[in-house]
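**Student:** Okay, handing you the structure first.
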Amino acid sequence: MEISCREDKADNFQIIFNSSPIGMFVLNDRSLIEMINNSGLRFFDKQREDVLGKRFGNSFLCKCSLEDDRGGGFGLQCQYCELNIAVKQAIDLEKPTSDMEFCKIFIQDENELELWFRASINPIMIGGKRRVVVELVDITDSKNKEIAMIKSKDYYQKLLDDLPALIWKTDKEGRNDYFNKTWLKFTGLDLRYALKHSWLESLHPEDVERCSKLFKDAILSRRPFEIEHRRRYKQPGQYRWCITSGKPYFGLQGEFAGFIGIVYDITDRQLALESSRKYHVLLESAREIILFLDTEGQIIEANNAAVKAYGYKREELLSLKVFDLRENNEVTAQQLQEANNKGIYFETIHRRKNDSTFPVNVSSQGTMLGNKRVIVSIIRDITERKQAEMALRASEEKHRILSARYHALFMKADAANRAKSEFLANMSHEIRTPINGMIGMIDLTLLTSLNQEQKENLDIAKTCADSLLKIINDILDFSKMEAGKLTIENIGFDIKDLLEETIKMHTLLAAKKGLRLDYACSPTIPRILVGDPIRLKQILNNLLNNAVKFTLYGRVTLSVRELTSVDDKIELMFSVTDSGIGIAEEDQSRLFRTFSQVDGSITRKYGGTGLGLVISKQLVQKMGGTIGFKSKKGSGSSFYFTLKFTSSGESSKQAHLETGVTPVAKPLKILIVEDDKVNLKVLSLMLKGKGHFVDTASNGSEALLLHGRTQYDAIFMDIQMPIMDGIEATKHIRQREGVSRHTPIIALTAYALKGDKEKFLSCGMDEYIPKPINMETLFTILEQVVEKEIMHNIPSPEFMGDEIRINESGKVLNLKPEPFRCIDRPAIEEEIFRKVEQLMSALTTRDISVIEEIAHRIKVNCNLLEADEAKTYAFKIELAARRGTIDEVIKYSLLLKNHVEVYKKSGL
């Protein structure tokens with residue numbers, strides 16, 4: 001809007017300008033102050049000569065004016081200053097701005113002072129020249145109160161959330177609009193779900209009708225209520241006894257606003273009442289003598305067994321002290337005190353009313369009965385036991401000798417078992433280490449140029465090494481199952497892919513023997529199942545390996561069919577059938593026995609350890625299934641097993657990264673710490689083949705020296721080494737690096753038993769690769785740990801550009817995307833306005849996750865419109881929400897709201 005001032009109106013403008021109680025400025029077309037009224041001078045405590053001819057920021061020492069030597073209007077933040085933008089629009093576009101709210105920080109007496117203003121900026125013609133009139137109203141107090149109100153609401157919200165009791169609230173229609181965190185945690189319900197449903201839905205089905213009627217009556221009558229009921233506890237089917245108290249609450253004008261309720265868990269009280277009722281039944285039905293004593297030894301209660309055992313009437317027994325029941329009255333005050341404090345157990349002799357005696361053992365313990373301290377004594381007649389002891393005393397020496405012999409045998413067996421476990425663990429390391437070198441060197445050699453004969457020889461060598469590794473794995477699996485250390489996983493997997501992969505592993509050997517190898521899977525079986533695919537594949541491999549091994553001609557078939565299916569549970573039968581040599585009936589009892597084969601010549605002719613079927617049986621049983629077979633000598637065999645699975649909607653199978661010897665785009669600096677020269681060479685060649693730079697060390701001490709001189713991208717660390725092992729070296733490296741530096745360390749070891757990986761990671765290592773090393777696994781894990789470290793070291797987004805990307809070589813890129821050319825601008829603007837309203841609503845509930853999500857959507861939409869300032873505010877809100885700093889969330893949300901309101905009014 002343009003205001004034209006003629007000469008006859010100039011005096012009136014000057015009078016209004018000078019007498020206005022609002023701070024007013026007149027700026028020229030270079031944004032310099034030409035006029036300022038007395039109210040403006042008084043507010044900023046300035047003299048007129050201090051401000052005239054200067055920019056606003058320079059005149060009043062705005063913090064942003066200190067960013068650039070040229071002063072206000074030239075700093076980075078000045079480009080986003082609401083006042084600067086509005087003044088520029090008034091000068092260049094003749095656009096006025098009304099009721100704009102903004103915040104500025106001024107420097108006064110070397111202190112920062114934050115002030116909020118409401119401003120109106122209008123273009124005006126004075127003496128034929130374009131000028132801008134700026135009106136400023138101080139609204140700092142009202143803004144601070146607004147922020148304080150939001151914080152206060154957050155405080156009381158948090159206070160209710162942290163109460164140990166369950167709190168709920170409804171509107172006047174009885175619809176729930178609040179549940180505290182204790183209520184949600186108790187019921188196990190999500191807040192969004194809970195708000196869509198009544199608090200009555202979490203009640204026990206038998207209590208819903210009764211409680212619903214009471215609540216409806218309370219809503220109509222607007223009277224408090226209290227009711228006892230059962231409420232769902234965390235999961236369906238679990239309920240606890242509760243008391244719900246509800247009370248109406250009213251608004252500021254006294255109008256009915258709804259009900260607020262509190263729920264108390266009284267399960268323990270109900271159990272106590274139930275226990276009290278059961279106590280009396282058990283007390284009278286117990287066969288043992290039960291006496292209740294006061295702390296002085298007076299009998300205050302006795303059960304029927306006590307009355308019968310001692311021969312007294314109940315009234316007579318209750319008039320006695322426990323001293324009167326003991327031979328020679330040998331109960332002492334000290335024994336009563338010990339029983340009351342910590343409980344005692346002893347044997348003694350008790351006397352009946354007719355003066356006969358009988359041996360007893362006594363267990364006494366102090367406890368509370370109501371609000372009174374008592375001692376409970378449980379007394380057992382041990383006459384029969386004493387007689388048996390006397391009868392057995394004659395053979396006591398013989399039993400002592402036998403016991404000693406048994407103990408000696410047990411100790412020897414235990415020592416042998418420990419020695420076996422230690423041997424297997426050491427064998428794992430010692431055998432896997434050279435195998436790692438063998439397989440690694442074979443793999444590397446196969447990647448070079450070879451003639452056909454050399455390639456076939458190496459393929460045979462690799463097959464032999466793989467067979468040796470399988471034997472070792474069989475022995476270790478058996479050892480782990482004996483020790484109870486083998487675990488079963490439950491993850492999603494594709495059953496069809498698993499069967500195809502399993503069949504492929506045996507195709508080559510079957511083809512060499514001229515066998516037909518195929519599989520069949522029932523089409524009714526769900527594609528995705530939940531179970532342990534690794535152990536299932538291990539069982540199938542064992543059975544298929546035997547079938548192919550013992551079949552000279554014909555076929556081997558793997559089939560899977562559905563047995564039962566109820567809801568999402570399904571039971572499958574797996575069968576491996578062959579046309580092989582079969583098993584004679586007299587030899588079938590030897591199957592599934594440890595290290596047992598039907599014929600000793602089998603080992604020489606076919607190979608193997610005799611553990612395959614043993615491991616398969618134990619795995620099937622551990623997974624809750626059964627295994628069996630049918631066979632006839634000369635007519636083949638059929639081994640089958642059943643397992644139960646859960647059907648699932650998705651698979652947890654990870655996609656494998658394709659690896660090879662193609663050099664990487666960005667070579668890494670890598671340190672290998674390995675005392676075995678063969679393994680060191682294998683690993684070095686693998687990594688150098690990918691183009692990485694490699695340093696080597698033969699022990700932890702050498703590794704520390706190299707690490708002190710060079711910054712490595714990753715370290716491969718062997719565990720068992722002379723001088724200093726890998727664990728100790730890792731601890732020294734982590735202590736040296738502190739928090740300012742972190743080098744990924746990958747454990748590289750032949751230890752492959754359960755718990756090894758967790759032990760290494762707890763010592764400061766980042767990943768774990770067991771030997772023998774698979775080349776694909778090696779490169780995959782290396783890429784993962786290095787990428788993780790790169791992501792960890794990316795600077796905070798608020799100091800970077802609009803978008804962050806990482807290229808193939810791992811370099812961090814800071815890119816600003818090109819603006820979209822074809823967008824529905826009005827629709828995007830409306831979406832931004834709607835999201836800002838949702839953001840302000842989310843502030844009242846302090847739901848950080850919702851705030852972060854809304855801010856992110858606002859940021860994306862602002863980016864489409866190239867609304868950089870609004871996008872900056874939205875990004876700061878998103879970042880503050882992610883960090884959990886609610887004060888910053890509130891601050892930037894208010895700034896964003898004000899900016900968007902100006903945006904809407906300006907029509908930009």
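Chain labels follow the order of the structure tokens: the first chain is A, the next B, and so on; residue numbering restarts at 1 in every chain, and ligands are counted from 1 in their shown order.
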Can you check which residues of stretch 340-414 of chain A DSSP gives as helix (DSSP H, G or I) on the backbone and send them as a ChimeraX atom specification?

**Tutor:** /A:340-341,383-414

**Student:** Measuring atom to atom with only C-alpha atoms, identify which of A:Trp199, A:Phe760, A:Trp116, A:Phe323 is nearest to A:Ala729.

**Tutor:** A:Phe760

**Student:** Measuring atom to atom with only C-alpha atoms, identify which of A:Ile851, A:Leu189, A:Lys462, A:Val860 is nearest to A:Ile890.

**Tutor:**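 Among the listed residues, the smallest separation from A:Ile890 belongs to A:Ile851.
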